[in-house]
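Asks: The file below is start37.cif, mmCIF, C-alpha atoms:
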data_data
loop_
_atom_site.label_atom_id
_atom_site.label_comp_id
_atom_site.auth_asym_id
_atom_site.auth_seq_id
_atom_site.Cartn_x
_atom_site.Cartn_y
_atom_site.Cartn_z
CA MET A 1 216.01 53.07 146.07
CA SER A 2 218.39 50.72 144.25
CA ASP A 3 215.64 49.87 141.73
CA ARG A 4 215.01 53.55 141.03
CA LEU A 5 218.72 54.19 140.54
CA ALA A 6 218.96 51.23 138.16
CA GLU A 7 215.97 52.53 136.21
CA ALA A 8 217.56 55.98 135.95
CA ARG A 9 220.89 54.52 134.81
CA ASP A 10 219.14 52.44 132.13
CA TRP A 11 217.46 55.62 130.91
CA LEU A 12 220.76 57.50 130.94
CA ARG A 13 222.45 54.89 128.74
CA GLN A 14 219.91 55.34 125.93
CA ASP A 15 219.51 59.13 126.09
CA PRO A 16 220.98 60.79 122.95
CA ASP A 17 220.66 64.33 124.34
CA PRO A 18 223.79 65.64 126.11
CA GLU A 19 221.78 68.24 128.04
CA THR A 20 219.35 65.80 129.64
CA ARG A 21 222.11 63.20 130.11
CA ASP A 22 224.15 65.69 132.15
CA GLU A 23 221.04 66.75 134.06
CA LEU A 24 220.16 63.15 134.98
CA ALA A 25 223.74 62.09 135.73
CA ALA A 26 224.00 64.84 138.35
CA VAL A 27 220.75 63.75 140.01
CA ILE A 28 221.86 60.08 140.01
CA THR A 29 225.17 60.98 141.65
CA ARG A 30 223.51 63.00 144.39
CA ALA A 31 220.82 60.37 144.97
CA GLY A 32 223.47 57.65 145.16
CA ASN A 33 225.15 59.67 147.91
CA GLY A 34 221.94 59.75 149.90
CA ASP A 35 220.75 63.27 149.06
CA ALA A 36 217.06 63.20 150.02
CA GLU A 37 216.12 65.96 147.59
CA ALA A 38 217.76 64.09 144.70
CA VAL A 39 216.02 60.85 145.72
CA ALA A 40 212.67 62.66 145.63
CA ASP A 41 213.61 64.16 142.27
CA LEU A 42 214.28 60.70 140.82
CA ASP A 43 210.95 59.47 142.18
CA ASP A 44 209.20 62.37 140.46
CA ARG A 45 211.02 61.77 137.18
CA PHE A 46 210.54 57.97 137.09
CA GLY A 47 207.65 57.24 139.45
CA ALA A 48 205.21 57.75 136.58
CA ARG A 49 205.12 58.06 132.82
CA LEU A 50 203.67 60.98 130.86
CA ALA A 51 200.26 59.68 129.87
CA PHE A 52 199.36 59.49 126.19
CA GLY A 53 195.77 60.57 125.63
CA THR A 54 193.50 62.62 123.36
CA ALA A 55 195.93 65.55 123.65
CA GLY A 56 198.84 63.22 122.84
CA LEU A 57 201.75 63.95 125.15
CA ARG A 58 202.44 67.13 127.06
CA GLY A 59 204.76 67.94 129.94
CA GLU A 60 207.84 69.63 131.30
CA LEU A 61 211.12 69.26 129.44
CA GLY A 62 213.73 67.18 131.24
CA ALA A 63 215.15 63.70 131.74
CA GLY A 64 212.95 60.81 132.82
CA SER A 65 209.78 58.98 131.86
CA ASN A 66 207.65 61.68 133.47
CA ARG A 67 209.18 64.45 131.33
CA MET A 68 209.29 65.45 127.66
CA ASN A 69 212.62 64.44 126.13
CA ARG A 70 214.18 62.66 123.14
CA VAL A 71 213.83 59.20 124.69
CA LEU A 72 210.11 59.63 125.36
CA VAL A 73 209.54 61.15 121.91
CA ALA A 74 211.39 58.27 120.22
CA GLN A 75 209.26 55.75 122.10
CA ALA A 76 206.09 57.65 121.15
CA ALA A 77 207.11 57.84 117.48
CA ALA A 78 207.96 54.14 117.31
CA GLY A 79 204.71 53.20 119.04
CA PHE A 80 202.67 55.40 116.74
CA ALA A 81 204.47 53.94 113.71
CA ALA A 82 203.59 50.43 114.91
CA PHE A 83 199.95 51.49 115.31
CA LEU A 84 199.85 52.94 111.77
CA ASN A 85 201.56 49.91 110.24
CA GLU A 86 199.09 47.61 111.98
CA ARG A 87 196.14 49.57 110.54
CA ALA A 88 197.65 49.78 107.05
CA ASN A 89 197.16 46.08 106.18
CA GLY A 90 200.34 45.91 104.14
CA SER A 91 200.23 49.33 102.49
CA THR A 92 202.71 52.10 103.33
CA PRO A 93 201.25 54.69 105.71
CA ALA A 94 202.16 58.34 105.24
CA VAL A 95 202.59 60.69 108.19
CA VAL A 96 203.21 64.45 108.22
CA ILE A 97 205.28 66.03 111.00
CA GLY A 98 205.05 69.68 112.03
CA TYR A 99 206.64 71.72 114.79
CA ASP A 100 206.39 75.13 116.43
CA GLY A 101 208.93 77.49 118.01
CA ARG A 102 209.23 75.94 121.48
CA ARG A 103 212.46 74.56 122.87
CA ASN A 104 213.39 71.24 121.21
CA SER A 105 210.38 71.25 118.86
CA ARG A 106 212.45 70.90 115.70
CA ARG A 107 214.69 68.25 117.30
CA PHE A 108 211.68 66.18 118.40
CA ALA A 109 210.14 66.54 114.93
CA GLN A 110 213.32 65.39 113.21
CA ASP A 111 213.70 62.42 115.57
CA SER A 112 210.10 61.47 114.77
CA ALA A 113 210.65 61.76 111.01
CA GLU A 114 213.74 59.52 111.20
CA ILE A 115 211.94 56.89 113.28
CA PHE A 116 208.84 56.92 111.07
CA ALA A 117 211.06 56.49 107.99
CA GLY A 118 213.03 53.75 109.75
CA ALA A 119 209.77 51.92 110.45
CA GLY A 120 208.92 51.92 106.74
CA LEU A 121 206.47 54.81 106.73
CA ARG A 122 206.44 57.66 104.25
CA ALA A 123 207.46 60.52 106.55
CA ILE A 124 206.95 64.13 105.43
CA LEU A 125 208.45 66.92 107.55
CA LEU A 126 206.91 70.37 107.14
CA PRO A 127 209.42 72.90 105.78
CA ARG A 128 209.75 75.11 108.87
CA LEU A 129 208.02 76.02 112.10
CA LEU A 130 204.33 76.52 111.37
CA PRO A 131 200.96 76.68 113.17
CA THR A 132 199.13 73.53 114.18
CA PRO A 133 196.24 74.19 111.74
CA VAL A 134 198.73 73.99 108.86
CA LEU A 135 199.70 70.50 110.03
CA ALA A 136 196.04 69.40 110.21
CA PHE A 137 195.46 70.85 106.74
CA ALA A 138 198.59 69.15 105.38
CA VAL A 139 197.31 65.74 106.50
CA ARG A 140 194.29 66.21 104.21
CA HIS A 141 196.10 68.09 101.45
CA LEU A 142 198.82 65.43 101.10
CA GLY A 143 196.43 62.50 101.55
CA ALA A 144 198.38 61.30 104.60
CA ASP A 145 197.23 58.70 107.07
CA ALA A 146 198.30 60.71 110.09
CA GLY A 147 200.03 63.80 111.40
CA VAL A 148 202.13 64.72 114.41
CA MET A 149 202.53 68.27 115.69
CA VAL A 150 205.33 68.94 118.16
CA THR A 151 203.98 71.66 120.45
CA ALA A 152 202.87 72.23 124.02
CA SER A 153 200.16 74.59 122.76
CA HIS A 154 199.48 77.19 125.47
CA ASN A 155 201.37 75.43 128.28
CA PRO A 156 204.10 77.15 130.37
CA PRO A 157 207.43 77.99 128.66
CA ASN A 158 209.38 74.93 129.84
CA ASP A 159 206.87 72.43 128.45
CA ASN A 160 206.63 70.68 125.12
CA GLY A 161 204.29 68.09 123.69
CA TYR A 162 203.09 65.88 120.88
CA LYS A 163 199.66 66.25 119.25
CA VAL A 164 198.45 63.44 116.98
CA TYR A 165 196.04 63.64 114.05
CA LEU A 166 194.52 61.01 111.77
CA GLY A 167 193.74 61.26 108.06
CA GLY A 168 191.42 59.21 105.89
CA ALA A 169 187.93 59.01 107.36
CA ASP A 170 189.09 61.18 110.28
CA ASP A 171 189.89 63.99 107.83
CA GLY A 172 192.89 65.39 109.67
CA SER A 173 191.21 65.62 113.07
CA GLN A 174 192.89 65.17 116.45
CA ILE A 175 192.67 61.69 117.96
CA VAL A 176 189.87 60.73 120.34
CA ALA A 177 189.08 57.63 122.37
CA PRO A 178 189.50 54.72 121.86
CA VAL A 179 192.33 55.41 119.38
CA ASP A 180 194.41 57.20 122.01
CA GLY A 181 194.38 54.08 124.18
CA GLU A 182 195.33 51.84 121.26
CA ILE A 183 198.31 54.06 120.44
CA ALA A 184 199.32 54.18 124.11
CA VAL A 185 199.49 50.37 124.22
CA HIS A 186 201.93 50.34 121.30
CA ILE A 187 204.07 53.04 122.94
CA GLU A 188 204.21 51.10 126.20
CA ARG A 189 205.33 47.98 124.30
CA VAL A 190 208.18 49.94 122.73
CA ALA A 191 209.20 51.37 126.10
CA ALA A 192 209.17 47.91 127.69
CA ALA A 193 211.12 46.29 124.84
CA GLY A 194 214.44 47.98 125.55
CA SER A 195 216.64 50.87 124.51
CA ILE A 196 215.68 53.41 121.85
CA THR A 197 219.18 52.87 120.43
CA ASP A 198 217.78 49.62 118.97
CA LEU A 199 215.09 51.46 116.99
CA ALA A 200 215.61 51.65 113.24
CA ARG A 201 216.18 55.17 111.94
CA SER A 202 216.41 56.58 108.45
CA THR A 203 217.12 60.00 106.97
CA ALA A 204 215.05 59.03 103.91
CA TYR A 205 212.16 61.23 104.95
CA GLU A 206 210.73 63.96 102.73
CA THR A 207 210.58 67.68 103.43
CA ALA A 208 207.39 69.28 102.18
CA GLY A 209 207.63 72.33 99.94
CA GLU A 210 206.23 75.81 100.53
CA ASP A 211 203.38 74.87 98.20
CA VAL A 212 201.69 73.19 101.20
CA VAL A 213 201.69 76.51 103.08
CA ASP A 214 200.50 78.33 99.95
CA ALA A 215 197.60 75.89 99.62
CA TYR A 216 196.67 76.40 103.29
CA VAL A 217 196.63 80.18 102.87
CA THR A 218 194.50 79.97 99.71
CA ALA A 219 192.01 77.52 101.23
CA THR A 220 191.67 79.48 104.48
CA ALA A 221 191.26 82.84 102.76
CA ALA A 222 188.47 81.36 100.65
CA VAL A 223 186.41 80.47 103.74
CA ALA A 224 185.33 84.08 104.40
CA PRO A 225 186.42 86.75 101.93
CA ALA A 226 186.32 90.25 103.41
CA PRO A 227 183.00 92.08 103.05
CA GLU A 228 182.95 95.74 102.09
CA ALA A 229 182.20 96.67 105.71
CA ALA A 230 185.55 95.25 106.84
CA ARG A 231 187.52 98.02 105.15
CA GLY A 232 188.84 100.56 107.61
CA THR A 233 188.38 98.26 110.59
CA ARG A 234 190.77 99.09 113.44
CA TRP A 235 191.88 96.06 115.39
CA VAL A 236 194.84 94.52 117.23
CA TYR A 237 196.48 91.13 116.91
CA THR A 238 198.95 89.21 119.08
CA ALA A 239 200.67 85.92 118.33
CA MET A 240 201.54 85.43 122.04
CA HIS A 241 205.19 84.73 121.13
CA GLY A 242 204.04 81.87 118.89
CA VAL A 243 204.01 80.92 115.23
CA GLY A 244 200.66 82.34 114.13
CA TRP A 245 201.49 85.70 112.58
CA GLU A 246 203.19 84.88 109.28
CA THR A 247 200.47 82.63 107.87
CA PHE A 248 197.67 84.66 109.47
CA ALA A 249 198.94 87.85 107.81
CA ARG A 250 199.02 86.11 104.44
CA VAL A 251 195.45 84.87 104.92
CA LEU A 252 194.29 88.41 105.76
CA ASP A 253 195.91 89.78 102.61
CA ALA A 254 194.50 87.04 100.40
CA ALA A 255 191.00 87.44 101.82
CA GLY A 256 191.07 91.24 101.58
CA TYR A 257 191.01 92.18 105.26
CA PRO A 258 192.91 95.20 106.60
CA ARG A 259 196.13 94.47 108.47
CA PRO A 260 195.84 94.89 112.26
CA ARG A 261 197.96 96.88 114.64
CA THR A 262 200.19 94.28 116.22
CA VAL A 263 201.69 93.66 119.64
CA ASP A 264 205.22 93.78 118.29
CA ALA A 265 206.86 92.43 121.46
CA GLN A 266 204.83 89.21 121.06
CA LEU A 267 204.73 88.92 117.27
CA GLN A 268 207.68 86.60 116.54
CA PRO A 269 208.29 83.09 117.94
CA ASP A 270 210.12 83.19 121.27
CA PRO A 271 210.51 80.00 123.32
CA THR A 272 211.09 82.06 126.50
CA PHE A 273 207.69 83.80 126.20
CA ARG A 274 209.38 86.74 127.87
CA THR A 275 206.38 89.08 128.27
CA VAL A 276 203.96 86.57 129.81
CA SER A 277 204.19 84.08 132.65
CA PHE A 278 201.67 81.74 131.01
CA PRO A 279 201.19 82.02 127.20
CA ASN A 280 197.47 81.32 127.21
CA PRO A 281 195.09 84.13 126.16
CA GLU A 282 192.67 82.93 128.86
CA GLU A 283 195.15 83.49 131.69
CA PRO A 284 194.96 86.76 133.66
CA GLY A 285 197.61 89.19 132.44
CA ALA A 286 198.42 87.37 129.20
CA MET A 287 196.58 89.95 127.08
CA ASP A 288 197.59 93.07 129.01
CA LEU A 289 199.89 94.27 126.21
CA SER A 290 197.10 93.66 123.68
CA PHE A 291 194.65 95.71 125.73
CA ALA A 292 197.16 98.55 126.07
CA ARG A 293 197.76 98.52 122.31
CA ALA A 294 194.02 98.49 121.65
CA ARG A 295 193.38 101.44 123.97
CA GLY A 296 196.26 103.38 122.42
CA THR A 297 194.98 102.88 118.87
CA GLY A 298 191.24 103.09 119.47
CA ALA A 299 190.79 99.51 118.27
CA GLU A 300 187.35 97.97 117.95
CA PHE A 301 188.52 94.51 119.00
CA VAL A 302 191.55 92.32 119.74
CA ILE A 303 192.33 88.88 118.30
CA ALA A 304 194.89 86.68 120.04
CA ASN A 305 196.31 83.30 119.07
CA ASP A 306 197.93 80.89 121.49
CA PRO A 307 201.54 79.92 120.66
CA ASP A 308 200.71 77.16 118.14
CA ALA A 309 197.77 79.18 116.76
CA ASP A 310 195.01 76.60 117.16
CA ARG A 311 193.31 78.61 119.89
CA LEU A 312 191.69 82.00 119.38
CA ALA A 313 190.65 84.67 121.86
CA VAL A 314 188.63 87.77 121.00
CA ALA A 315 188.30 90.87 123.19
CA VAL A 316 186.11 93.97 122.80
CA PRO A 317 186.02 97.17 124.89
CA ASP A 318 183.94 96.84 128.05
#
Any chance you could give the structure as structure tokens?
Replies:
Amino acid sequence: MSDRLAEARDWLRQDPDPETRDELAAVITRAGNGDAEAVADLDDRFGARLAFGTAGLRGELGAGSNRMNRVLVAQAAAGFAAFLNERANGSTPAVVIGYDGRRNSRRFAQDSAEIFAGAGLRAILLPRLLPTPVLAFAVRHLGADAGVMVTASHNPPNDNGYKVYLGGADDGSQIVAPVDGEIAVHIERVAAAGSITDLARSTAYETAGEDVVDAYVTATAAVAPAPEAARGTRWVYTAMHGVGWETFARVLDAAGYPRPRTVDAQLQPDPTFRTVSFPNPEEPGAMDLSFARARGTGAEFVIANDPDADRLAVAVPD
């Protein structure tokens, strides 16, 4: 128990986030007074570490090594920077950072940009919250060595995460084995080395212009221009409270497709995901509002994105 308390106090001292500091301080106090529930809570928070794998990092927001928070993100960014510097053989790696509309996504993205810049990388932050496919495109478009997307994809509302992409020969694709394991080793070294307060940071990162988004829209629209038969199509779209609609609508216009009827309650980014319990189009109930809208408008089909718009569901009348 004393070791767990010491571990939690070490974590508390390096945490830059007042919300998670207060959260953890309260648990430490109760655990120190012998509260069994608080002791179990500390064991859950520090008995393991969020594993870094082919999906990067993903987990519940909160304090501790088994949660998503600014300490864990800083360690991940520093470890990934070390991995990229090691592969660069003396050149300066470039990394693009994107983020969606979940809680803390922008904060995690900015922390990452500062740590990448502090580690000597060329760090490029996307201009605003955008879909994950824009980040993958930007890695190729900007000739970057890597990309990071802060998102928990279609996970529950209180989660966040960290998806990692590689440029060059990998062409902006998400990491796979054995690269995930190599990055994880670097992250673990950073975590074992000491406090994140010792990590170099710099605000000398770049912010990409809207021309990156424009290029994405143009390139995507060119993949499948609308055929004549598409005119007059009746269909429904939902963004599932995520970031998909704005760029998707622009792609539709550029490619010549008719605008859909939309599920307005789910169209704009909302980190509470207030109309669904689980913002995944595959989950029962998640598309109920879409189905109702489709029935009410006589739609031929429904298209749904997940919150970071790298997953697509299609429904037709049965």
Asks: Could you state the separation of CA of Glu114 in chain A and CA of Thr203 in chain A in Å, given to one decimal place?
Replies: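 According to the coordinates, CA of Glu114 in chain A and CA of Thr203 in chain A are separated by 5.4 Å.
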Asks: Applying 10 Å and only C-alpha atoms, which residues near Pro178 in chain A remain after dropping the ones on its own chain fewer than 3 positions away? List them as a count of residues only.
Replies: 6
Asks: For each of A:Arg70, A:His241, A:Arg293, A:Arg49, take the minimum atom-to-atom distance to Arg274 in chain A, counting all atoms listed in the file, then give the residue where this is smallest.
Replies: A:His241
Asks: May I have the residues within 10 Å of Ala81 in chain A as an MDAnalysis selection string, using all atoms listed in the file and disregarding those fewer than 2 positions away in the same chain?
Replies: chainID A and resid 75:79 83:87 93:95 112 115:121 146 183 186:187
Asks: Just the number, please: distance in Å from CA of Arg9 in chain A to CA of Ala63 in chain A, one decimal.
Replies: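 These atoms are spaced 11.3 Å apart.
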Asks: I'd like the residues picked by the PyMOL selection byres ((chain A and resi 276-278) around 8) written out as a list in words, using the chain letters and numbers from the file.
Replies: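 On this input, the PyMOL selection byres ((chain A and resi 276-278) around 8) captures His154, Asn155, Pro156, Pro157, Phe273, Arg274, Thr275, Pro279, Asn280, Glu283, Gly285 and Ala286 of chain A.
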Asks: Grab the residues selected above and save them as a CSV table (one decimal), in the coordinates of the input with C-alpha atoms.
Replies:
chain,number,residue,atom,x,y,z
A,154,HIS,CA,199.5,77.2,125.5
A,155,ASN,CA,201.4,75.4,128.3
A,156,PRO,CA,204.1,77.2,130.4
A,157,PRO,CA,207.4,78.0,128.7
A,273,PHE,CA,207.7,83.8,126.2
A,274,ARG,CA,209.4,86.7,127.9
A,275,THR,CA,206.4,89.1,128.3
A,279,PRO,CA,201.2,82.0,127.2
A,280,ASN,CA,197.5,81.3,127.2
A,283,GLU,CA,195.2,83.5,131.7
A,285,GLY,CA,197.6,89.2,132.4
A,286,ALA,CA,198.4,87.4,129.2
Asks: With only C-alpha atoms as the atoms that count, which of A:Ala192, A:Tyr165, A:Ala48, A:Arg128 lies nearest to Thr247 in chain A?
Replies: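 Under the stated criterion, the closest residue is A:Arg128.
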Asks: Once the PyMOL selection byres ((chain A and resi 169) around 12) has been evaluated on this model, what residues remain selected, and can you format them as an mmCIF file with C-alpha atoms, in the coordinates of the input?
Replies:
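Result saved to part_36.cif:
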data_model
loop_
_atom_site.group_PDB
_atom_site.id
_atom_site.type_symbol
_atom_site.label_atom_id
_atom_site.label_comp_id
_atom_site.auth_asym_id
_atom_site.auth_seq_id
_atom_site.Cartn_x
_atom_site.Cartn_y
_atom_site.Cartn_z
ATOM 1 C CA VAL A 139 197.310 65.740 106.500
ATOM 2 C CA ARG A 140 194.290 66.210 104.210
ATOM 3 C CA GLY A 143 196.430 62.500 101.550
ATOM 4 C CA ALA A 144 198.380 61.300 104.600
ATOM 5 C CA ASP A 145 197.230 58.700 107.070
ATOM 6 C CA ALA A 146 198.300 60.710 110.090
ATOM 7 C CA TYR A 165 196.040 63.640 114.050
ATOM 8 C CA LEU A 166 194.520 61.010 111.770
ATOM 9 C CA GLY A 167 193.740 61.260 108.060
ATOM 10 C CA GLY A 168 191.420 59.210 105.890
ATOM 11 C CA ASP A 170 189.090 61.180 110.280
ATOM 12 C CA ASP A 171 189.890 63.990 107.830
ATOM 13 C CA GLY A 172 192.890 65.390 109.670
ATOM 14 C CA SER A 173 191.210 65.620 113.070
ATOM 15 C CA ILE A 175 192.670 61.690 117.960
#
Asks: How would you write, as JSON, numbers by chain, the residues chosen by the PyMOL selection byres ((chain A and resi 195) around 12) on this structure?
Replies: {"A": [7, 9, 10, 11, 12, 13, 14, 15, 16, 71, 72, 74, 75, 78, 189, 190, 191, 192, 193, 194, 196, 197, 198, 199, 200]}
Asks: Report as a ChimeraX atom specification all protein, DNA and RNA residues lying within 12 Å of Ala222 in chain A, evaluated on all atoms listed in the file, omitting residues in the same chain fewer than 2 positions from it.
Replies: /A:215-220,224-226,251-256
Asks: Would you mind reading off the distance between CA of Glu60 in chain A and CA of Asp43 in chain A, one decimal, in Å?
Replies: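 That distance, rounded to one decimal, is 15.2 Å.
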Asks: Can you write out as JSON lines which residues of range 125-237 of chain A fall within 9 Å of range 296-305 of chain A, alongside each residue's closest atom pair and its distance in Å to one decimal, counting all atoms listed in the file and ordering rows by chain and ascending residue number?
Replies:
{"residue": "A:Thr233", "atom": "CA", "partner": "A:Glu300", "partner_atom": "CA", "distance": 7.4}
{"residue": "A:Arg234", "atom": "CA", "partner": "A:Ala299", "partner_atom": "CA", "distance": 4.8}
{"residue": "A:Trp235", "atom": "CA", "partner": "A:Ala299", "partner_atom": "CA", "distance": 4.6}
{"residue": "A:Val236", "atom": "CA", "partner": "A:Val302", "partner_atom": "CA", "distance": 4.7}
{"residue": "A:Tyr237", "atom": "CA", "partner": "A:Ile303", "partner_atom": "CA", "distance": 4.9}
Asks: Deliver the residues from the most recent selection as a file, using C-alpha atoms, as a compact mmCIF listing (two decimals), in the coordinates of the input.
Replies:
# COMPACT_ATOMS: atom_id res chain seq x y z
CA THR A 233 188.38 98.26 110.59
CA ARG A 234 190.77 99.09 113.44
CA TRP A 235 191.88 96.06 115.39
CA VAL A 236 194.84 94.52 117.23
CA TYR A 237 196.48 91.13 116.91
Asks: Between A:Ala152, A:Ala313, A:Ala82, A:Ile124, single out the one closest to Gly101 in chain A, counting only C-alpha atoms.
Replies: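 Ranking A:Ala152, A:Ala313, A:Ala82, A:Ile124 by distance to Gly101 in chain A, first place goes to A:Ala152.
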Asks: So which residues touch Gly244 in chain A within 10 Å, counting only C-alpha atoms, skipping near sequence neighbours fewer than 5 positions away, as a list in words?
Replies: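 In the requested form, the answer reads Asp100, Leu129, Leu130, Pro131, Thr132, Pro133, Thr238, Ala239, Ala249, Leu267, Gln268, Pro269, Ala304, Asn305, Asp306, Pro307, Asp308, Ala309 and Asp310 of chain A.
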Asks: Find the residues around Asp44 in chain A up to 10 Å (all atoms listed in the file counted), leave out those fewer than 3 positions away in its own chain, and share them as a ChimeraX atom specification.
Replies: /A:38-41,47-49,64-67
Asks: Between A:Arg106, A:Asp22, A:Ala51, A:Asn89, which one has atoms that come closest to Glu188 in chain A, using all atoms listed in the file?
Replies: A:Ala51
Asks: Quick one: of A:Thr151, A:Asp111, A:Arg45, A:Glu37, who's nearest to Leu24 in chain A, counting only C-alpha atoms?
Replies: A:Arg45
Asks: Rebuild N, CA, C and O atoms on range 164-181 of chain A, as a PDB file, keeping the file's coordinate frame?
Replies:
ATOM      1  N   VAL A 164     198.569  64.458 118.029  1.00  0.00           N
ATOM      2  CA  VAL A 164     198.450  63.440 116.980  1.00  0.00           C
ATOM      3  C   VAL A 164     197.121  63.593 116.245  1.00  0.00           C
ATOM      4  O   VAL A 164     196.063  63.779 116.868  1.00  0.00           O
ATOM      5  N   TYR A 165     197.198  63.499 114.928  1.00  0.00           N
ATOM      6  CA  TYR A 165     196.040  63.640 114.050  1.00  0.00           C
ATOM      7  C   TYR A 165     195.948  62.436 113.126  1.00  0.00           C
ATOM      8  O   TYR A 165     196.967  61.825 112.792  1.00  0.00           O
ATOM      9  N   LEU A 166     194.731  62.126 112.691  1.00  0.00           N
ATOM     10  CA  LEU A 166     194.520  61.010 111.770  1.00  0.00           C
ATOM     11  C   LEU A 166     193.876  61.500 110.479  1.00  0.00           C
ATOM     12  O   LEU A 166     193.013  62.386 110.495  1.00  0.00           O
ATOM     13  N   GLY A 167     194.307  60.923 109.367  1.00  0.00           N
ATOM     14  CA  GLY A 167     193.740  61.260 108.060  1.00  0.00           C
ATOM     15  C   GLY A 167     192.636  60.299 107.679  1.00  0.00           C
ATOM     16  O   GLY A 167     191.988  59.690 108.532  1.00  0.00           O
ATOM     17  N   GLY A 168     192.448  60.118 106.357  1.00  0.00           N
ATOM     18  CA  GLY A 168     191.420  59.210 105.890  1.00  0.00           C
ATOM     19  C   GLY A 168     190.044  59.643 106.332  1.00  0.00           C
ATOM     20  O   GLY A 168     189.670  60.803 106.210  1.00  0.00           O
ATOM     21  N   ALA A 169     189.294  58.718 106.910  1.00  0.00           N
ATOM     22  CA  ALA A 169     187.930  59.010 107.360  1.00  0.00           C
ATOM     23  C   ALA A 169     187.909  60.056 108.468  1.00  0.00           C
ATOM     24  O   ALA A 169     186.899  60.740 108.668  1.00  0.00           O
ATOM     25  N   ASP A 170     189.026  60.198 109.188  1.00  0.00           N
ATOM     26  CA  ASP A 170     189.090  61.180 110.280  1.00  0.00           C
ATOM     27  C   ASP A 170     189.392  62.581 109.787  1.00  0.00           C
ATOM     28  O   ASP A 170     189.315  63.549 110.553  1.00  0.00           O
ATOM     29  N   ASP A 171     189.806  62.699 108.509  1.00  0.00           N
ATOM     30  CA  ASP A 171     189.890  63.990 107.830  1.00  0.00           C
ATOM     31  C   ASP A 171     190.815  64.993 108.525  1.00  0.00           C
ATOM     32  O   ASP A 171     190.535  66.186 108.582  1.00  0.00           O
ATOM     33  N   GLY A 172     191.920  64.492 109.061  1.00  0.00           N
ATOM     34  CA  GLY A 172     192.890  65.390 109.670  1.00  0.00           C
ATOM     35  C   GLY A 172     192.503  65.908 111.042  1.00  0.00           C
ATOM     36  O   GLY A 172     192.989  66.949 111.483  1.00  0.00           O
ATOM     37  N   SER A 173     191.640  65.186 111.742  1.00  0.00           N
ATOM     38  CA  SER A 173     191.210  65.620 113.070  1.00  0.00           C
ATOM     39  C   SER A 173     192.096  65.016 114.150  1.00  0.00           C
ATOM     40  O   SER A 173     192.759  63.999 113.946  1.00  0.00           O
ATOM     41  N   GLN A 174     192.096  65.658 115.321  1.00  0.00           N
ATOM     42  CA  GLN A 174     192.890  65.170 116.450  1.00  0.00           C
ATOM     43  C   GLN A 174     192.280  63.873 116.981  1.00  0.00           C
ATOM     44  O   GLN A 174     191.078  63.667 116.922  1.00  0.00           O
ATOM     45  N   ILE A 175     193.135  63.000 117.496  1.00  0.00           N
ATOM     46  CA  ILE A 175     192.670  61.690 117.960  1.00  0.00           C
ATOM     47  C   ILE A 175     191.697  61.824 119.125  1.00  0.00           C
ATOM     48  O   ILE A 175     191.764  62.762 119.917  1.00  0.00           O
ATOM     49  N   VAL A 176     190.802  60.855 119.224  1.00  0.00           N
ATOM     50  CA  VAL A 176     189.870  60.730 120.340  1.00  0.00           C
ATOM     51  C   VAL A 176     189.868  59.269 120.780  1.00  0.00           C
ATOM     52  O   VAL A 176     190.447  58.406 120.126  1.00  0.00           O
ATOM     53  N   ALA A 177     189.223  59.008 121.908  1.00  0.00           N
ATOM     54  CA  ALA A 177     189.080  57.630 122.370  1.00  0.00           C
ATOM     55  C   ALA A 177     188.246  56.846 121.355  1.00  0.00           C
ATOM     56  O   ALA A 177     187.349  57.402 120.722  1.00  0.00           O
ATOM     57  N   PRO A 178     188.515  55.550 121.154  1.00  0.00           N
ATOM     58  CA  PRO A 178     189.500  54.720 121.860  1.00  0.00           C
ATOM     59  C   PRO A 178     190.872  54.677 121.184  1.00  0.00           C
ATOM     60  O   PRO A 178     191.746  53.951 121.638  1.00  0.00           O
ATOM     61  N   VAL A 179     191.059  55.470 120.109  1.00  0.00           N
ATOM     62  CA  VAL A 179     192.330  55.410 119.380  1.00  0.00           C
ATOM     63  C   VAL A 179     193.500  55.793 120.270  1.00  0.00           C
ATOM     64  O   VAL A 179     194.581  55.198 120.180  1.00  0.00           O
ATOM     65  N   ASP A 180     193.302  56.782 121.137  1.00  0.00           N
ATOM     66  CA  ASP A 180     194.410  57.200 122.010  1.00  0.00           C
ATOM     67  C   ASP A 180     194.908  56.033 122.859  1.00  0.00           C
ATOM     68  O   ASP A 180     196.124  55.844 123.018  1.00  0.00           O
ATOM     69  N   GLY A 181     193.991  55.234 123.372  1.00  0.00           N
ATOM     70  CA  GLY A 181     194.380  54.080 124.180  1.00  0.00           C
ATOM     71  C   GLY A 181     195.101  53.016 123.372  1.00  0.00           C
ATOM     72  O   GLY A 181     196.043  52.386 123.852  1.00  0.00           O
TER      73      GLY A 181
END
